[in-house]
file entry.txt (compact mmCIF, C-alpha atoms and all ligand atoms)
# COMPACT_ATOMS: atom_id res chain seq x y z
CA MET Y 1 -3.87 0.30 -17.06
CA LYS Y 2 -0.15 1.07 -16.89
CA PRO Y 3 0.99 3.62 -14.31
CA PHE Y 4 1.94 6.97 -15.90
CA LEU Y 5 5.34 7.04 -14.20
CA LYS Y 6 8.30 4.74 -14.71
CA TRP Y 7 8.98 3.42 -11.23
CA PRO Y 8 11.71 1.04 -10.02
CA GLY Y 9 10.17 -2.07 -8.49
CA ASN Y 10 6.70 -1.32 -9.89
CA LYS Y 11 4.37 -4.31 -9.85
CA TYR Y 12 2.56 -3.82 -13.17
CA ARG Y 13 3.92 -7.06 -14.67
CA ILE Y 14 2.83 -9.24 -11.76
CA ILE Y 15 -0.50 -7.63 -10.99
CA GLN Y 16 -2.44 -10.81 -11.83
CA HIS Y 17 -0.43 -12.78 -9.22
CA ILE Y 18 -1.01 -10.09 -6.61
CA SER Y 19 -4.75 -9.92 -7.35
CA LYS Y 20 -4.97 -13.69 -6.80
CA VAL Y 21 -3.61 -13.52 -3.24
CA LEU Y 22 -5.23 -10.25 -2.14
CA PRO Y 23 -8.12 -11.06 0.21
CA GLU Y 24 -11.48 -9.33 -0.32
CA GLY Y 25 -12.26 -6.30 1.80
CA LYS Y 26 -14.00 -2.94 1.92
CA ARG Y 27 -10.79 -0.92 1.67
CA LEU Y 28 -7.32 -1.43 0.25
CA VAL Y 29 -4.56 0.37 2.12
CA GLU Y 30 -1.26 0.84 0.27
CA PRO Y 31 1.46 2.33 2.52
CA PHE Y 32 4.12 2.12 -0.27
CA VAL Y 33 2.01 3.11 -3.27
CA GLY Y 34 4.84 4.15 -5.66
CA SER Y 35 3.48 4.43 -9.20
CA GLY Y 36 0.20 2.82 -8.11
CA SER Y 37 0.06 -0.30 -10.28
CA VAL Y 38 -1.90 -2.23 -7.64
CA PHE Y 39 -4.18 0.69 -6.78
CA LEU Y 40 -4.95 1.17 -10.49
CA ASN Y 41 -5.61 -2.45 -11.35
CA THR Y 42 -7.78 -3.66 -8.49
CA THR Y 43 -11.42 -2.92 -7.66
CA PHE Y 44 -11.84 -2.34 -3.91
CA PRO Y 45 -14.77 -0.10 -2.87
CA ASN Y 46 -12.35 2.29 -1.11
CA TYR Y 47 -8.65 3.10 -1.17
CA PHE Y 48 -6.16 4.71 1.20
CA ILE Y 49 -2.81 5.27 -0.51
CA ALA Y 50 0.36 6.65 1.04
CA GLU Y 51 4.07 7.12 0.37
CA LYS Y 52 7.11 8.69 1.91
CA ASN Y 53 8.28 10.41 -1.30
CA ALA Y 54 6.87 13.95 -0.98
CA ASP Y 55 7.45 14.78 -4.67
CA LEU Y 56 5.32 11.84 -5.71
CA ILE Y 57 2.47 12.75 -3.37
CA ASN Y 58 2.63 16.40 -4.47
CA LEU Y 59 2.24 15.17 -8.06
CA TYR Y 60 -0.76 12.98 -7.19
CA GLU Y 61 -2.44 15.85 -5.32
CA ASN Y 62 -2.02 18.18 -8.31
CA LEU Y 63 -3.33 15.54 -10.67
CA ARG Y 64 -6.30 14.77 -8.44
CA ASN Y 65 -7.22 18.44 -7.92
CA HIS Y 66 -6.52 19.95 -11.36
CA GLY Y 67 -6.99 17.02 -13.77
CA LYS Y 68 -6.93 17.97 -17.45
CA ASP Y 69 -5.57 21.50 -16.80
CA PHE Y 70 -2.60 20.01 -14.97
CA ILE Y 71 -2.09 17.33 -17.65
CA ASP Y 72 -2.07 19.95 -20.43
CA PHE Y 73 0.32 22.12 -18.42
CA SER Y 74 2.69 19.14 -17.86
CA LYS Y 75 2.57 18.27 -21.55
CA GLU Y 76 4.06 21.64 -22.51
CA ILE Y 77 7.42 20.67 -20.95
CA PHE Y 78 7.52 17.57 -23.19
CA ASN Y 79 8.24 19.84 -26.15
CA PRO Y 80 11.26 18.45 -28.10
CA LYS Y 81 13.10 21.74 -27.53
CA TYR Y 82 13.46 20.75 -23.86
CA ASN Y 83 14.89 17.33 -24.72
CA THR Y 84 18.58 18.22 -24.69
CA GLN Y 85 21.20 17.52 -22.08
CA ASN Y 86 21.58 21.21 -21.35
CA LYS Y 87 17.82 21.85 -20.92
CA TYR Y 88 17.44 18.69 -18.82
CA TYR Y 89 20.04 19.85 -16.28
CA LYS Y 90 18.49 23.35 -16.22
CA ASN Y 91 15.07 21.84 -15.54
CA ARG Y 92 16.51 19.52 -12.91
CA LYS Y 93 18.07 22.51 -11.14
CA LEU Y 94 14.76 24.37 -11.36
CA PHE Y 95 12.97 21.35 -9.87
CA ASN Y 96 15.41 21.35 -6.95
CA THR Y 97 14.97 25.05 -6.19
CA ILE Y 98 11.38 26.12 -6.94
CA ASN Y 99 8.57 26.54 -4.43
CA ASP Y 100 5.73 26.47 -6.97
CA LEU Y 101 4.21 23.06 -6.27
CA GLU Y 102 2.29 22.74 -9.55
CA LEU Y 103 5.39 23.39 -11.68
CA LYS Y 104 7.40 21.09 -9.41
CA ALA Y 105 4.84 18.33 -9.98
CA ALA Y 106 4.95 18.81 -13.77
CA LEU Y 107 8.76 18.80 -13.74
CA PHE Y 108 8.72 15.54 -11.79
CA ILE Y 109 6.96 13.83 -14.73
CA TYR Y 110 9.41 15.45 -17.17
CA LEU Y 111 12.42 14.23 -15.11
CA ASN Y 112 10.92 10.76 -14.77
CA ARG Y 113 10.56 10.35 -18.55
CA HIS Y 114 13.72 12.23 -19.65
CA GLY Y 115 16.09 10.97 -16.93
CA TYR Y 116 18.20 7.84 -17.01
CA ASN Y 117 16.27 4.59 -16.94
CA GLY Y 118 13.28 5.89 -14.93
CA LEU Y 119 15.39 6.07 -11.78
CA CYS Y 120 14.32 8.16 -8.80
CA ARG Y 121 17.38 9.15 -6.80
CA TYR Y 122 18.34 12.00 -4.47
CA ASN Y 123 21.64 13.14 -2.95
CA MET Y 124 22.31 13.62 0.76
CA ASN Y 125 20.92 17.18 0.56
CA GLY Y 126 17.63 15.86 -0.75
CA GLU Y 127 18.30 17.07 -4.32
CA TYR Y 128 17.06 14.98 -7.23
CA ASN Y 129 20.20 13.85 -9.07
CA VAL Y 130 19.26 11.39 -11.85
CA PRO Y 131 21.39 12.01 -15.01
CA TYR Y 132 19.99 12.77 -18.46
CA GLY Y 133 18.56 9.68 -20.22
CA PHE Y 134 19.21 10.45 -23.92
CA TYR Y 135 15.76 9.27 -25.09
CA LYS Y 136 14.82 10.32 -28.65
CA SER Y 137 11.20 11.21 -28.00
CA PRO Y 138 9.97 10.55 -24.46
CA TYR Y 139 6.35 9.42 -24.31
CA PHE Y 140 3.86 11.75 -22.67
CA PRO Y 141 1.39 9.52 -20.76
CA TYR Y 142 -1.78 11.55 -21.44
CA LYS Y 143 -4.39 8.79 -21.27
CA GLU Y 144 -2.65 7.11 -18.34
CA MET Y 145 -2.70 10.40 -16.40
CA LEU Y 146 -6.34 11.02 -17.20
CA TYR Y 147 -7.26 7.56 -15.93
CA PHE Y 148 -5.18 8.08 -12.77
CA HIS Y 149 -6.94 11.42 -12.19
CA GLU Y 150 -10.35 9.72 -12.41
CA ARG Y 151 -9.29 6.93 -10.05
CA LEU Y 152 -7.93 9.43 -7.51
CA GLN Y 153 -11.25 11.20 -6.95
CA LYS Y 154 -12.49 9.26 -3.93
CA VAL Y 155 -9.12 8.21 -2.56
CA VAL Y 156 -7.37 9.27 0.65
CA ILE Y 157 -3.73 10.22 -0.13
CA LYS Y 158 -1.07 10.89 2.49
CA CYS Y 159 2.64 11.60 2.49
CA TRP Y 160 3.38 9.37 5.45
CA ASP Y 161 5.95 6.88 6.62
CA TYR Y 162 4.46 3.37 6.45
CA ARG Y 163 4.35 3.10 10.25
CA LYS Y 164 1.89 5.97 10.49
CA THR Y 165 -0.28 4.55 7.67
CA LEU Y 166 -0.46 1.18 9.42
CA GLN Y 167 -1.62 2.93 12.61
CA TYR Y 168 -4.66 4.17 10.69
CA THR Y 169 -5.81 0.76 9.50
CA ARG Y 170 -8.91 -0.87 10.95
CA LYS Y 171 -10.47 -4.31 11.20
CA GLY Y 172 -11.62 -5.52 7.77
CA ASP Y 173 -8.99 -3.53 5.83
CA VAL Y 174 -6.72 -5.28 3.36
CA VAL Y 175 -3.17 -3.87 3.34
CA TYR Y 176 -0.78 -4.36 0.42
CA CYS Y 177 2.81 -3.51 1.36
CA ASP Y 178 5.43 -3.15 -1.34
CA PRO Y 179 8.52 -1.90 0.49
CA PRO Y 180 11.87 -1.31 -1.25
CA TYR Y 181 13.28 -4.79 -1.89
CA VAL Y 182 15.93 -6.28 0.39
CA PRO Y 183 19.15 -6.51 -1.64
CA LEU Y 184 19.67 -9.88 -3.37
CA SER Y 185 23.29 -10.10 -2.22
CA LYS Y 186 25.58 -8.54 0.36
CA THR Y 187 27.18 -6.34 -2.29
CA ALA Y 188 23.94 -5.18 -3.96
CA ASN Y 189 22.64 -1.76 -2.96
CA PHE Y 190 19.27 -0.93 -1.52
CA THR Y 191 17.11 0.85 -4.12
CA GLN Y 192 16.56 4.46 -3.11
CA TYR Y 193 13.36 6.37 -3.71
CA GLY Y 194 14.04 9.54 -1.78
CA PRO Y 195 16.39 11.21 0.64
CA PHE Y 196 15.60 8.38 3.05
CA GLY Y 197 16.59 4.73 3.13
CA PHE Y 198 14.87 1.49 4.05
CA ASP Y 199 17.20 -0.83 5.88
CA LYS Y 200 17.15 -4.27 7.44
CA PHE Y 201 15.59 -2.93 10.63
CA ASP Y 202 12.76 -1.29 8.69
CA GLN Y 203 12.09 -4.66 7.03
CA ILE Y 204 12.03 -6.41 10.41
CA GLU Y 205 9.68 -3.82 11.89
CA LEU Y 206 7.33 -4.06 8.89
CA ALA Y 207 7.08 -7.85 9.23
CA GLU Y 208 6.42 -7.57 12.98
CA ARG Y 209 3.71 -4.97 12.45
CA ALA Y 210 2.12 -7.07 9.69
CA GLN Y 211 1.94 -10.03 12.03
CA SER Y 212 0.40 -8.10 14.88
CA LEU Y 213 -2.14 -6.37 12.60
CA SER Y 214 -3.22 -9.73 11.19
CA LYS Y 215 -4.05 -10.85 14.73
CA ARG Y 216 -6.39 -7.84 14.99
CA GLY Y 217 -8.37 -8.65 11.83
CA VAL Y 218 -6.35 -6.64 9.31
CA LYS Y 219 -5.06 -8.83 6.48
CA VAL Y 220 -1.61 -7.83 5.23
CA VAL Y 221 0.16 -8.90 2.04
CA ILE Y 222 3.87 -8.05 1.56
CA SER Y 223 6.00 -8.35 -1.61
CA ASN Y 224 9.73 -8.86 -1.46
CA HIS Y 225 12.71 -10.72 -2.88
CA ARG Y 226 12.91 -14.36 -1.93
CA THR Y 227 16.03 -14.47 0.27
CA ASP Y 228 16.79 -16.50 3.41
CA PHE Y 229 16.45 -13.35 5.48
CA ILE Y 230 12.96 -12.66 4.09
CA LEU Y 231 11.74 -16.27 4.38
CA ASN Y 232 12.78 -16.26 7.99
CA LEU Y 233 11.14 -12.90 8.62
CA TYR Y 234 7.85 -13.94 6.98
CA SER Y 235 7.72 -17.42 8.55
CA ALA Y 236 4.25 -16.76 10.04
CA ALA Y 237 2.79 -15.94 6.62
CA LYS Y 238 1.50 -18.03 3.72
CA ILE Y 239 4.10 -17.70 0.95
CA THR Y 240 3.52 -17.65 -2.83
CA ASN Y 241 6.69 -17.88 -4.92
CA LEU Y 242 7.16 -15.96 -8.17
CA SER Y 243 9.86 -15.76 -10.78
CA VAL Y 244 9.83 -12.30 -12.29
CA GLN Y 245 11.58 -10.89 -15.35
CA ARG Y 246 13.17 -7.59 -14.50
CA ASN Y 247 15.41 -4.89 -15.94
CA ILE Y 248 18.46 -4.49 -13.74
CA SER Y 249 18.49 -0.76 -13.05
CA CYS Y 250 22.24 -0.15 -13.06
CA GLN Y 251 22.67 -1.93 -16.41
CA GLY Y 252 19.78 -0.34 -18.34
CA HIS Y 253 19.18 -3.08 -20.90
CA THR Y 254 20.07 -6.26 -19.01
CA ARG Y 255 17.11 -8.51 -18.19
CA ASN Y 256 17.12 -11.16 -15.53
CA ARG Y 257 14.72 -13.50 -13.77
CA VAL Y 258 14.47 -12.80 -10.08
CA LYS Y 259 12.80 -14.85 -7.34
CA GLU Y 260 10.15 -12.99 -5.37
CA VAL Y 261 7.57 -13.80 -2.72
CA LEU Y 262 4.08 -12.67 -1.86
CA ALA Y 263 3.50 -13.19 1.87
CA VAL Y 264 -0.03 -13.20 3.24
CA PHE Y 265 -0.39 -12.50 6.97
CA SER Y 266 -3.97 -13.33 7.88
CA GLY Y 267 -3.89 -14.08 11.60
C1 LIG H 301 8.86 -0.98 -4.54
S1 LIG H 301 8.30 0.67 -4.53
C2 LIG H 301 6.54 0.49 -4.66
C3 LIG H 301 6.15 0.21 -6.05
C4 LIG H 301 4.63 0.18 -6.29
N1 LIG H 301 4.00 -0.99 -5.74
C5 LIG H 301 4.36 0.24 -7.79
O1 LIG H 301 3.78 -0.68 -8.34
O2 LIG H 301 4.80 1.23 -8.38
C6 LIG H 301 8.53 1.12 -2.85
C7 LIG H 301 7.98 2.50 -2.50
O3 LIG H 301 8.10 2.70 -1.07
C8 LIG H 301 8.37 4.08 -0.82
N2 LIG H 301 8.96 4.14 0.54
C9 LIG H 301 10.26 3.90 0.90
N3 LIG H 301 10.40 3.97 2.24
C10 LIG H 301 9.16 4.24 2.74
C11 LIG H 301 8.64 4.40 4.05
N4 LIG H 301 9.43 4.33 5.14
N5 LIG H 301 7.31 4.63 4.20
C12 LIG H 301 6.49 4.74 3.10
N6 LIG H 301 6.93 4.61 1.82
C13 LIG H 301 8.24 4.36 1.65
C14 LIG H 301 9.28 4.48 -1.95
O4 LIG H 301 9.23 5.88 -2.17
C15 LIG H 301 8.74 3.67 -3.14
O5 LIG H 301 7.86 4.40 -3.93

call {"tool": "encode", "arguments": {"input": "entry.txt", "output": "structure tokens", "more": "lines below"}}
Ligand SMILES: C[S@@+](CC[C@H](N)C(=O)[O-])C[C@H]1O[C@@H](n2cnc3c(N)ncnc32)[C@H](O)[C@@H]1O
result
Amino acid sequence: MKPFLKWPGNKYRIIQHISKVLPEGKRLVEPFVGSGSVFLNTTFPNYFIAEKNADLINLYENLRNHGKDFIDFSKEIFNPKYNTQNKYYKNRKLFNTINDLELKAALFIYLNRHGYNGLCRYNMNGEYNVPYGFYKSPYFPYKEMLYFHERLQKVVIKCWDYRKTLQYTRKGDVVYCDPPYVPLSKTANFTQYGPFGFDKFDQIELAERAQSLSKRGVKVVISNHRTDFILNLYSAAKITNLSVQRNISCQGHTRNRVKEVLAVFSG
């Protein structure tokens, strides 16, 4: 099943490659869950999903707790009368100022489907600032949301930095880490998912933690671009190479093949 959100770097297209390298285990831990393509398309007995983007976790909590009522409520904002540039910027402003968490969650879906190219970007003040996308009739992902709601019922969800999530793993867990990609070149930007970044030192720390967890019986798989920096960082892991077709986010319709790796740290 496709995730109900458009999400930069989502792994829906390569899920079969990921499933092949994921070891078996009683629980899958996803510290960078994003739109949940791996969570949705695997069958572990238990799941622990987490993310640093608080708007995303607020949305998942509303969907888990209020199901169909929340889906119907969110659908109302997908009325064509709200699909104008003017209404989009009004709704974006509302999203950035309201305290009502259910409406904020519904607006997050609206912004995701009406904003430019499914981007998720915030300014330095933590305000969502993706421009209007000019889509004729944005799709409302009813069945995808209903399925996500059902899958969320027995899942632990946390709005945590990945370091905290990793601290809560235990022997026998399988951890799938999908951090923001390292840039492919010195001039490329890091993809942003919130008013926080993920730099070179975060990547180094993640690889070090993966290695030490694997020595304690926690198997860790990490996705990333295949660059010299990453190959060096993941030298203790078993590497699977992939060539993935991807939309380049800053040039909406350009498609490119990009080299990626799946690194398995298993002690
Ligand atoms: C490449 S995306 C994950 C995509 C996901 N696998 C999917 O299929 O949709 C990376 C995610 O990591 C989250 N993130 C960034 N920094 C983080 C951190 N320090 N701790 C936890 N999550 C973080 C971002 O908000 C983003 O959703």

call {"tool": "axis_aligned_box", "arguments": {"input": "entry.txt", "around": "ligand LIG 301 (chain H)", "padding_each_side": "5 Å", "output": "lines of an AutoDock Vina configuration file"}}
result
center_x = 7.1
center_y = 2.4
center_z = -1.6
size_x = 16.6
size_y = 16.9
size_z = 23.5

call {"tool": "residues_around", "arguments": {"input": "entry.txt", "residues": "stretch 223-233 of chain Y", "least_positions_apart": "6", "cutoff": "10 Å", "atoms": "all atoms listed in the file", "output": "ChimeraX atom specification"}}
result
/Y:9,11,18,176-185,200,203-208,239-244,258-264

call {"tool": "residues_near_ligand", "arguments": {"input": "entry.txt", "ligand": "ligand LIG 301 (chain H)", "cutoff": "6 Å", "atoms": "only C-alpha atoms and all ligand atoms", "output": "PDB file with C-alpha atoms, keeping the file's coordinate frame"}}
result
ATOM      1  CA  TRP Y   7       8.980   3.420 -11.230  1.00  0.00           C
ATOM      2  CA  GLY Y   9      10.170  -2.070  -8.490  1.00  0.00           C
ATOM      3  CA  ASN Y  10       6.700  -1.320  -9.890  1.00  0.00           C
ATOM      4  CA  LYS Y  11       4.370  -4.310  -9.850  1.00  0.00           C
ATOM      5  CA  TYR Y  12       2.560  -3.820 -13.170  1.00  0.00           C
ATOM      6  CA  PRO Y  31       1.460   2.330   2.520  1.00  0.00           C
ATOM      7  CA  PHE Y  32       4.120   2.120  -0.270  1.00  0.00           C
ATOM      8  CA  VAL Y  33       2.010   3.110  -3.270  1.00  0.00           C
ATOM      9  CA  GLY Y  34       4.840   4.150  -5.660  1.00  0.00           C
ATOM     10  CA  SER Y  35       3.480   4.430  -9.200  1.00  0.00           C
ATOM     11  CA  GLY Y  36       0.200   2.820  -8.110  1.00  0.00           C
ATOM     12  CA  SER Y  37       0.060  -0.300 -10.280  1.00  0.00           C
ATOM     13  CA  VAL Y  38      -1.900  -2.230  -7.640  1.00  0.00           C
ATOM     14  CA  GLU Y  51       4.070   7.120   0.370  1.00  0.00           C
ATOM     15  CA  LYS Y  52       7.110   8.690   1.910  1.00  0.00           C
ATOM     16  CA  ASN Y  53       8.280  10.410  -1.300  1.00  0.00           C
ATOM     17  CA  ASP Y 161       5.950   6.880   6.620  1.00  0.00           C
ATOM     18  CA  TYR Y 162       4.460   3.370   6.450  1.00  0.00           C
ATOM     19  CA  ASP Y 178       5.430  -3.150  -1.340  1.00  0.00           C
ATOM     20  CA  PRO Y 179       8.520  -1.900   0.490  1.00  0.00           C
ATOM     21  CA  PRO Y 180      11.870  -1.310  -1.250  1.00  0.00           C
ATOM     22  CA  TYR Y 193      13.360   6.370  -3.710  1.00  0.00           C
ATOM     23  CA  PHE Y 198      14.870   1.490   4.050  1.00  0.00           C
TER      24      PHE Y 198
END

call {"tool": "residues_near_point", "arguments": {"input": "entry.txt", "point": "(14.4, 13.1, -27.7)", "cutoff": "9 Å", "atoms": "only C-alpha atoms", "output": "PDB file with C-alpha atoms, in the coordinates of the input"}}
result
ATOM      1  CA  PRO Y  80      11.260  18.450 -28.100  1.00  0.00           C
ATOM      2  CA  LYS Y  81      13.100  21.740 -27.530  1.00  0.00           C
ATOM      3  CA  TYR Y  82      13.460  20.750 -23.860  1.00  0.00           C
ATOM      4  CA  ASN Y  83      14.890  17.330 -24.720  1.00  0.00           C
ATOM      5  CA  THR Y  84      18.580  18.220 -24.690  1.00  0.00           C
ATOM      6  CA  HIS Y 114      13.720  12.230 -19.650  1.00  0.00           C
ATOM      7  CA  PHE Y 134      19.210  10.450 -23.920  1.00  0.00           C
ATOM      8  CA  TYR Y 135      15.760   9.270 -25.090  1.00  0.00           C
ATOM      9  CA  LYS Y 136      14.820  10.320 -28.650  1.00  0.00           C
ATOM     10  CA  SER Y 137      11.200  11.210 -28.000  1.00  0.00           C
ATOM     11  CA  PRO Y 138       9.970  10.550 -24.460  1.00  0.00           C
TER      12      PRO Y 138
END

call {"tool": "atom_distance", "arguments": {"input": "entry.txt", "atom1": "atom CA of Y:Tyr147", "atom2": "atom CA of Y:Tyr110"}}
result
18.5 Å

call {"tool": "atom_distance", "arguments": {"input": "entry.txt", "atom1": "atom CA of Y:Ser19", "atom2": "atom CA of Y:Gln245"}}
result
18.2 Å

call {"tool": "atom_distance", "arguments": {"input": "entry.txt", "atom1": "atom CA of Y:Val221", "atom2": "atom CA of Y:Val175"}}
result
6.2 Å

call {"tool": "closest_residue", "arguments": {"input": "entry.txt", "among": "Y:Tyr47, Y:Ala106, Y:Tyr132, Y:His66", "to": "Y:Gln85", "atoms": "only C-alpha atoms"}}
result
Y:Tyr132

call {"tool": "closest_residue", "arguments": {"input": "entry.txt", "among": "Y:Asn112, Y:Leu101, Y:Ser235, Y:Gly133", "to": "Y:Asn86", "atoms": "all atoms listed in the file"}}
result
Y:Gly133

call {"tool": "closest_residue", "arguments": {"input": "entry.txt", "among": "Y:Leu107, Y:Ile14, Y:Leu94, Y:Leu22", "to": "Y:Asp55", "atoms": "only C-alpha atoms"}}
result
Y:Leu107

call {"tool": "closest_residue", "arguments": {"input": "entry.txt", "among": "Y:Gly194, Y:Glu144, Y:Glu61, Y:Ala54", "to": "Y:Arg121", "atoms": "all atoms listed in the file"}}
result
Y:Gly194

call {"tool": "decode", "arguments": {"input": "entry.txt", "residues": "stretch 94-157 of chain Y", "atoms": "C-alpha atoms", "output": "PDB file, in the first residue's frame"}}
result
ATOM      1  CA  LEU Y  94      -3.631  29.173   9.742  1.00  0.00           C
ATOM      2  CA  PHE Y  95      -1.525  26.005  10.002  1.00  0.00           C
ATOM      3  CA  ASN Y  96       1.398  28.051  11.317  1.00  0.00           C
ATOM      4  CA  THR Y  97      -0.654  29.829  13.982  1.00  0.00           C
ATOM      5  CA  ILE Y  98      -3.357  27.485  15.325  1.00  0.00           C
ATOM      6  CA  ASN Y  99      -3.222  25.473  18.533  1.00  0.00           C
ATOM      7  CA  ASP Y 100      -6.035  23.059  17.627  1.00  0.00           C
ATOM      8  CA  LEU Y 101      -4.070  19.871  16.979  1.00  0.00           C
ATOM      9  CA  GLU Y 102      -6.797  18.056  15.024  1.00  0.00           C
ATOM     10  CA  LEU Y 103      -7.241  20.925  12.547  1.00  0.00           C
ATOM     11  CA  LYS Y 104      -3.461  21.301  12.342  1.00  0.00           C
ATOM     12  CA  ALA Y 105      -3.168  17.609  11.447  1.00  0.00           C
ATOM     13  CA  ALA Y 106      -5.859  17.900   8.750  1.00  0.00           C
ATOM     14  CA  LEU Y 107      -4.194  21.014   7.323  1.00  0.00           C
ATOM     15  CA  PHE Y 108      -0.888  19.149   7.144  1.00  0.00           C
ATOM     16  CA  ILE Y 109      -2.448  16.680   4.676  1.00  0.00           C
ATOM     17  CA  TYR Y 110      -3.989  19.569   2.712  1.00  0.00           C
ATOM     18  CA  LEU Y 111      -0.604  21.368   2.513  1.00  0.00           C
ATOM     19  CA  ASN Y 112       1.184  18.152   1.552  1.00  0.00           C
ATOM     20  CA  ARG Y 113      -1.139  17.554  -1.423  1.00  0.00           C
ATOM     21  CA  HIS Y 114      -1.682  21.195  -2.499  1.00  0.00           C
ATOM     22  CA  GLY Y 115       1.879  22.471  -1.963  1.00  0.00           C
ATOM     23  CA  TYR Y 116       4.730  22.403  -4.441  1.00  0.00           C
ATOM     24  CA  ASN Y 117       6.010  18.955  -5.335  1.00  0.00           C
ATOM     25  CA  GLY Y 118       5.189  17.295  -1.991  1.00  0.00           C
ATOM     26  CA  LEU Y 119       7.994  19.184  -0.279  1.00  0.00           C
ATOM     27  CA  CYS Y 120       8.121  19.562   3.489  1.00  0.00           C
ATOM     28  CA  ARG Y 121      10.088  22.680   4.374  1.00  0.00           C
ATOM     29  CA  TYR Y 122      10.188  25.141   7.272  1.00  0.00           C
ATOM     30  CA  ASN Y 123      11.857  28.527   7.771  1.00  0.00           C
ATOM     31  CA  MET Y 124      14.222  29.417  10.615  1.00  0.00           C
ATOM     32  CA  ASN Y 125      11.238  30.321  12.829  1.00  0.00           C
ATOM     33  CA  GLY Y 126       9.821  26.840  12.391  1.00  0.00           C
ATOM     34  CA  GLU Y 127       7.053  28.020  10.023  1.00  0.00           C
ATOM     35  CA  TYR Y 128       5.977  25.744   7.187  1.00  0.00           C
ATOM     36  CA  ASN Y 129       6.858  27.634   3.992  1.00  0.00           C
ATOM     37  CA  VAL Y 130       6.235  25.411   0.945  1.00  0.00           C
ATOM     38  CA  PRO Y 131       4.735  27.449  -1.962  1.00  0.00           C
ATOM     39  CA  TYR Y 132       1.440  26.670  -3.690  1.00  0.00           C
ATOM     40  CA  GLY Y 133       1.652  23.697  -6.094  1.00  0.00           C
ATOM     41  CA  PHE Y 134      -0.925  24.598  -8.777  1.00  0.00           C
ATOM     42  CA  TYR Y 135      -2.416  21.070  -8.975  1.00  0.00           C
ATOM     43  CA  LYS Y 136      -5.767  20.838 -10.807  1.00  0.00           C
ATOM     44  CA  SER Y 137      -7.472  18.395  -8.473  1.00  0.00           C
ATOM     45  CA  PRO Y 138      -5.313  17.076  -5.632  1.00  0.00           C
ATOM     46  CA  TYR Y 139      -6.055  13.463  -4.725  1.00  0.00           C
ATOM     47  CA  PHE Y 140      -7.554  12.793  -1.316  1.00  0.00           C
ATOM     48  CA  PRO Y 141      -5.976   9.526  -0.061  1.00  0.00           C
ATOM     49  CA  TYR Y 142      -9.061   8.083   1.668  1.00  0.00           C
ATOM     50  CA  LYS Y 143      -8.319   4.360   1.363  1.00  0.00           C
ATOM     51  CA  GLU Y 144      -4.622   4.878   2.080  1.00  0.00           C
ATOM     52  CA  MET Y 145      -5.488   6.766   5.288  1.00  0.00           C
ATOM     53  CA  LEU Y 146      -7.969   4.123   6.377  1.00  0.00           C
ATOM     54  CA  TYR Y 147      -5.347   1.413   5.907  1.00  0.00           C
ATOM     55  CA  PHE Y 148      -2.758   3.474   7.811  1.00  0.00           C
ATOM     56  CA  HIS Y 149      -5.265   3.950  10.651  1.00  0.00           C
ATOM     57  CA  GLU Y 150      -5.790   0.187  10.899  1.00  0.00           C
ATOM     58  CA  ARG Y 151      -2.052  -0.501  10.867  1.00  0.00           C
ATOM     59  CA  LEU Y 152      -1.426   2.095  13.593  1.00  0.00           C
ATOM     60  CA  GLN Y 153      -3.613   0.396  16.196  1.00  0.00           C
ATOM     61  CA  LYS Y 154      -0.979  -1.673  17.982  1.00  0.00           C
ATOM     62  CA  VAL Y 155       2.014   0.515  17.205  1.00  0.00           C
ATOM     63  CA  VAL Y 156       4.149   2.615  19.551  1.00  0.00           C
ATOM     64  CA  ILE Y 157       4.616   6.125  18.069  1.00  0.00           C
TER      65      ILE Y 157
END
